[in-house]
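Participant: My structure is stored as start_37.txt, with compact mmCIF, N, CA and C atoms.
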```txt
# COMPACT_ATOMS: atom_id res chain seq x y z
N MET A 1 117.78 89.83 93.65
CA MET A 1 116.53 90.05 94.36
C MET A 1 115.82 91.26 93.74
N THR A 2 114.54 91.23 93.74
CA THR A 2 113.72 92.31 93.20
C THR A 2 112.86 92.90 94.30
N CYS A 3 112.58 94.17 94.22
CA CYS A 3 111.72 94.83 95.20
C CYS A 3 110.35 94.14 95.23
N PRO A 4 109.83 93.85 96.40
CA PRO A 4 108.53 93.19 96.50
C PRO A 4 107.36 94.07 96.06
N TYR A 5 107.60 95.37 95.91
CA TYR A 5 106.54 96.29 95.51
C TYR A 5 106.49 96.54 94.01
N LEU A 6 107.40 95.92 93.27
CA LEU A 6 107.45 96.12 91.82
C LEU A 6 106.59 95.08 91.10
N GLU A 7 105.76 95.58 90.21
CA GLU A 7 104.96 94.72 89.33
C GLU A 7 105.08 95.28 87.92
N TYR A 8 104.80 94.45 86.95
CA TYR A 8 104.72 94.92 85.56
C TYR A 8 103.28 94.77 85.12
N ARG A 9 102.71 95.86 84.65
CA ARG A 9 101.29 95.89 84.25
C ARG A 9 101.13 96.51 82.87
N ARG A 10 100.07 96.11 82.21
CA ARG A 10 99.72 96.71 80.92
C ARG A 10 98.76 97.88 81.10
N GLY A 11 98.26 98.06 82.30
CA GLY A 11 97.37 99.18 82.53
C GLY A 11 96.95 99.27 83.97
N SER A 12 96.28 100.38 84.27
CA SER A 12 95.73 100.62 85.60
C SER A 12 94.62 101.65 85.44
N GLY A 13 93.45 101.31 85.88
CA GLY A 13 92.33 102.22 85.73
C GLY A 13 92.04 102.47 84.27
N ASP A 14 92.02 103.73 83.86
CA ASP A 14 91.73 104.06 82.47
C ASP A 14 92.99 104.14 81.60
N ARG A 15 94.16 103.87 82.16
CA ARG A 15 95.42 103.89 81.40
C ARG A 15 95.75 102.48 80.93
N GLN A 16 95.90 102.31 79.63
CA GLN A 16 96.25 101.02 79.04
C GLN A 16 97.44 101.20 78.10
N PHE A 17 98.33 100.20 78.07
CA PHE A 17 99.54 100.26 77.25
C PHE A 17 99.67 98.99 76.42
N ASP A 18 100.41 99.07 75.33
CA ASP A 18 100.67 97.90 74.49
C ASP A 18 101.64 96.93 75.15
N ALA A 19 102.58 97.46 75.91
CA ALA A 19 103.59 96.64 76.59
C ALA A 19 103.50 96.87 78.09
N GLU A 20 103.96 95.89 78.85
CA GLU A 20 103.96 96.03 80.30
C GLU A 20 104.92 97.12 80.73
N ARG A 21 104.54 97.82 81.79
CA ARG A 21 105.37 98.89 82.35
C ARG A 21 105.53 98.65 83.85
N ALA A 22 106.62 99.20 84.38
CA ALA A 22 106.93 99.05 85.80
C ALA A 22 105.91 99.83 86.64
N TYR A 23 105.38 99.16 87.67
CA TYR A 23 104.37 99.75 88.54
C TYR A 23 104.79 99.50 89.98
N CYS A 24 104.82 100.56 90.78
CA CYS A 24 105.18 100.46 92.19
C CYS A 24 103.90 100.39 93.03
N THR A 25 103.68 99.25 93.67
CA THR A 25 102.48 99.10 94.47
C THR A 25 102.56 99.85 95.80
N ALA A 26 103.77 100.25 96.21
CA ALA A 26 103.91 101.02 97.45
C ALA A 26 103.31 102.41 97.31
N VAL A 27 103.37 102.97 96.10
CA VAL A 27 102.82 104.31 95.87
C VAL A 27 101.69 104.30 94.84
N ASP A 28 101.33 103.11 94.38
CA ASP A 28 100.22 102.94 93.42
C ASP A 28 100.36 103.81 92.18
N ARG A 29 101.54 103.71 91.54
CA ARG A 29 101.73 104.45 90.28
C ARG A 29 102.80 103.77 89.43
N PHE A 30 102.75 104.09 88.13
CA PHE A 30 103.79 103.63 87.23
C PHE A 30 105.06 104.41 87.51
N VAL A 31 106.21 103.75 87.33
CA VAL A 31 107.49 104.41 87.57
C VAL A 31 108.34 104.39 86.30
N GLN A 32 109.29 105.30 86.24
CA GLN A 32 110.18 105.42 85.11
C GLN A 32 111.10 104.21 85.00
N PRO A 33 111.59 103.90 83.80
CA PRO A 33 112.51 102.77 83.62
C PRO A 33 113.75 102.83 84.52
N MET A 34 114.28 104.02 84.76
CA MET A 34 115.45 104.13 85.64
C MET A 34 115.09 103.72 87.06
N ARG A 35 113.91 104.04 87.51
CA ARG A 35 113.46 103.62 88.84
C ARG A 35 113.32 102.11 88.87
N ALA A 36 112.82 101.52 87.79
CA ALA A 36 112.69 100.07 87.72
C ALA A 36 114.05 99.38 87.78
N ASP A 37 115.10 100.03 87.26
CA ASP A 37 116.45 99.47 87.38
C ASP A 37 116.84 99.34 88.85
N VAL A 38 116.49 100.33 89.66
CA VAL A 38 116.76 100.25 91.10
C VAL A 38 115.93 99.13 91.71
N CYS A 39 114.65 99.06 91.34
CA CYS A 39 113.75 98.03 91.87
C CYS A 39 114.24 96.62 91.56
N ASN A 40 114.86 96.46 90.39
CA ASN A 40 115.37 95.17 89.95
C ASN A 40 116.82 94.93 90.36
N ASP A 41 117.38 95.82 91.16
CA ASP A 41 118.76 95.71 91.65
C ASP A 41 119.77 95.56 90.52
N ARG A 42 119.55 96.30 89.44
CA ARG A 42 120.49 96.29 88.32
C ARG A 42 121.61 97.29 88.56
N TYR A 43 122.72 97.10 87.85
CA TYR A 43 123.85 98.04 87.85
C TYR A 43 124.38 98.31 89.26
N ASP A 44 124.52 97.26 90.05
CA ASP A 44 125.04 97.36 91.42
C ASP A 44 124.18 98.23 92.32
N LEU A 45 122.90 98.38 91.99
CA LEU A 45 121.96 99.10 92.84
C LEU A 45 121.22 98.10 93.73
N ASP A 46 120.75 98.55 94.85
CA ASP A 46 120.01 97.72 95.79
C ASP A 46 118.78 98.51 96.23
N HIS A 47 117.59 97.98 95.93
CA HIS A 47 116.37 98.72 96.24
C HIS A 47 116.28 99.07 97.73
N ALA A 48 116.74 98.19 98.60
CA ALA A 48 116.65 98.46 100.04
C ALA A 48 117.57 99.60 100.48
N ALA A 49 118.65 99.82 99.73
CA ALA A 49 119.60 100.87 100.08
C ALA A 49 119.42 102.14 99.26
N HIS A 50 118.94 102.01 98.02
CA HIS A 50 118.94 103.14 97.10
C HIS A 50 117.56 103.71 96.76
N CYS A 51 116.50 103.11 97.23
CA CYS A 51 115.16 103.60 96.88
C CYS A 51 114.48 104.20 98.09
N GLU A 52 114.25 105.51 98.03
CA GLU A 52 113.59 106.19 99.14
C GLU A 52 112.14 105.75 99.30
N ILE A 53 111.49 105.36 98.22
CA ILE A 53 110.11 104.88 98.31
C ILE A 53 110.05 103.58 99.12
N TYR A 54 110.93 102.65 98.80
CA TYR A 54 110.99 101.38 99.54
C TYR A 54 111.30 101.63 101.01
N ARG A 55 112.34 102.42 101.27
CA ARG A 55 112.73 102.66 102.66
C ARG A 55 111.63 103.35 103.46
N GLU A 56 110.97 104.31 102.85
CA GLU A 56 109.88 105.00 103.55
C GLU A 56 108.73 104.03 103.83
N HIS A 57 108.40 103.22 102.85
CA HIS A 57 107.30 102.27 103.01
C HIS A 57 107.63 101.21 104.08
N GLU A 58 108.88 100.82 104.14
CA GLU A 58 109.31 99.83 105.12
C GLU A 58 109.62 100.44 106.48
N GLY A 59 109.59 101.77 106.56
CA GLY A 59 109.85 102.43 107.83
C GLY A 59 111.32 102.60 108.15
N GLY A 60 112.20 102.44 107.12
CA GLY A 60 113.62 102.51 107.38
C GLY A 60 114.31 103.69 106.74
N ASP A 61 113.58 104.69 106.26
CA ASP A 61 114.22 105.86 105.64
C ASP A 61 114.81 106.71 106.73
N ASP A 62 116.15 106.84 106.69
CA ASP A 62 116.82 107.59 107.75
C ASP A 62 116.89 109.08 107.46
N GLY A 63 116.35 109.50 106.29
CA GLY A 63 116.26 110.91 105.98
C GLY A 63 117.59 111.59 105.69
N ASP A 64 118.64 110.80 105.33
CA ASP A 64 119.93 111.41 105.09
C ASP A 64 120.09 111.99 103.69
N GLY A 65 119.11 111.77 102.82
CA GLY A 65 119.13 112.36 101.51
C GLY A 65 120.02 111.63 100.51
N ASP A 66 120.54 110.46 100.86
CA ASP A 66 121.43 109.73 99.98
C ASP A 66 120.70 108.83 99.00
N ALA A 67 119.41 108.71 99.09
CA ALA A 67 118.65 107.83 98.20
C ALA A 67 118.68 108.36 96.78
N GLN A 68 118.74 107.46 95.80
CA GLN A 68 118.75 107.85 94.39
C GLN A 68 117.41 107.56 93.79
```
Represent the structure of the file as structure tokens.
Facilitator:
Amino acid sequence: MTCPYLEYRRGSGDRQFDAERAYCTAVDRFVQPMRADVCNDRYDLDHAAHCEIYREHEGGDDGDGDAQ
């Protein structure tokens, strides 16, 4: 499963790239490749459990500081 807020874009506004990059629609910004690994549930990660952006946007961030 992939985070519903993850998109791949070649640009946004005045920023344009040769290749698509990970974009988080929950915070309206491009994210680092490591963050995209969480979004794509790679390496035994789960966006619903490990992403503070997702949890905050969904209203489920318990504030325990365990998010990566």
Participant: Would you list the contacts of Val31 of chain A as a list of chain:residue names, taking every protein, DNA or RNA residue within 8 Å and counting only C-alpha atoms, but skipping same-chain residues closer than 3 positions in sequence?
Facilitator: A:Arg21, A:Ala22, A:Tyr23, A:Cys24, A:Arg35, A:Ala36
Participant: Can you tell me which residues surround Cys39 of chain A at a distance of at most 10 Å, considering only C-alpha atoms, apart from same-chain residues fewer than 4 positions away, and format the answer as an MDAnalysis selection string?
Facilitator: chainID A and resid 1:7 22 24 31 33:35 45:48 50:51 54
Participant: In Å, rounded to a single decimal, give me how far atom CA of Ala26 of chain A is from atom CA of Glu58 of chain A.
Facilitator: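 Atom CA of Glu58 of chain A sits 9.5 Å away from atom CA of Ala26 of chain A.
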Participant: How many Å separate atom C of Glu20 of chain A from atom CA of Tyr8 of chain A?
Facilitator: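 According to the coordinates, atom C of Glu20 of chain A and atom CA of Tyr8 of chain A are separated by 5.3 Å.
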Participant: In Å, how far is it from atom C of Arg10 of chain A to atom C of Arg55 of chain A?
Facilitator: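 Taking atom C of Arg10 of chain A and atom C of Arg55 of chain A, their separation equals 26.4 Å.
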Participant: Extract the full set of strand (DSSP E or B) residues from segment 4-49 of chain A according to DSSP on the backbone, and format it as a PyMOL selection string.
Facilitator: chain A and resi 6-12+15-24+29-30
Participant: Taking only chain A into account, list the residues labelled helix (DSSP H, G or I) by DSSP (computed from the backbone), as a ChimeraX atom specification.
Facilitator: /A:33-39,47-50,52-58
Participant: So that all listed atoms of segment 12-28 of chain A fit with 4 Å spare on each side, what axis-aligned box centre and edge lengths in Å, to one decimal, would you give as lines of an AutoDock Vina configuration file?
Facilitator:
```
center_x = 99.3
center_y = 100.1
center_z = 86.0
size_x = 23.2
size_y = 16.4
size_z = 31.0
```
Participant: Writing N, CA and C atoms and nothing else, produce segment 6-20 of chain A as a tab-separated table (two decimals), in the first residue's frame.
Facilitator:
```tsv
chain	number	residue	atom	x	y	z
A	6	LEU	N	0.92	10.78	-1.43
A	6	LEU	CA	2.15	10.78	-2.22
A	6	LEU	C	1.85	10.84	-3.71
A	7	GLU	N	2.51	11.76	-4.38
A	7	GLU	CA	2.44	11.87	-5.83
A	7	GLU	C	3.86	12.02	-6.35
A	8	TYR	N	4.05	11.73	-7.61
A	8	TYR	CA	5.34	11.99	-8.26
A	8	TYR	C	5.11	13.05	-9.31
A	9	ARG	N	5.87	14.13	-9.22
A	9	ARG	CA	5.70	15.27	-10.13
A	9	ARG	C	7.04	15.69	-10.72
A	10	ARG	N	6.97	16.29	-11.88
A	10	ARG	CA	8.16	16.86	-12.52
A	10	ARG	C	8.34	18.33	-12.14
A	11	GLY	N	7.35	18.90	-11.49
A	11	GLY	CA	7.48	20.29	-11.09
A	11	GLY	C	6.28	20.76	-10.30
A	12	SER	N	6.43	21.96	-9.75
A	12	SER	CA	5.37	22.60	-9.01
A	12	SER	C	5.67	24.10	-9.01
A	13	GLY	N	4.74	24.88	-9.48
A	13	GLY	CA	4.97	26.31	-9.55
A	13	GLY	C	6.13	26.62	-10.48
A	14	ASP	N	7.13	27.34	-9.98
A	14	ASP	CA	8.27	27.70	-10.82
A	14	ASP	C	9.40	26.67	-10.74
A	15	ARG	N	9.23	25.59	-9.99
A	15	ARG	CA	10.25	24.54	-9.88
A	15	ARG	C	9.95	23.44	-10.88
A	16	GLN	N	10.90	23.14	-11.75
A	16	GLN	CA	10.76	22.09	-12.75
A	16	GLN	C	11.99	21.17	-12.69
A	17	PHE	N	11.77	19.87	-12.89
A	17	PHE	CA	12.84	18.88	-12.82
A	17	PHE	C	12.82	17.99	-14.06
A	18	ASP	N	13.96	17.38	-14.36
A	18	ASP	CA	14.04	16.45	-15.49
A	18	ASP	C	13.34	15.14	-15.19
A	19	ALA	N	13.37	14.72	-13.94
A	19	ALA	CA	12.75	13.45	-13.54
A	19	ALA	C	11.69	13.74	-12.46
A	20	GLU	N	10.74	12.83	-12.35
A	20	GLU	CA	9.71	12.99	-11.34
A	20	GLU	C	10.30	12.86	-9.94
```
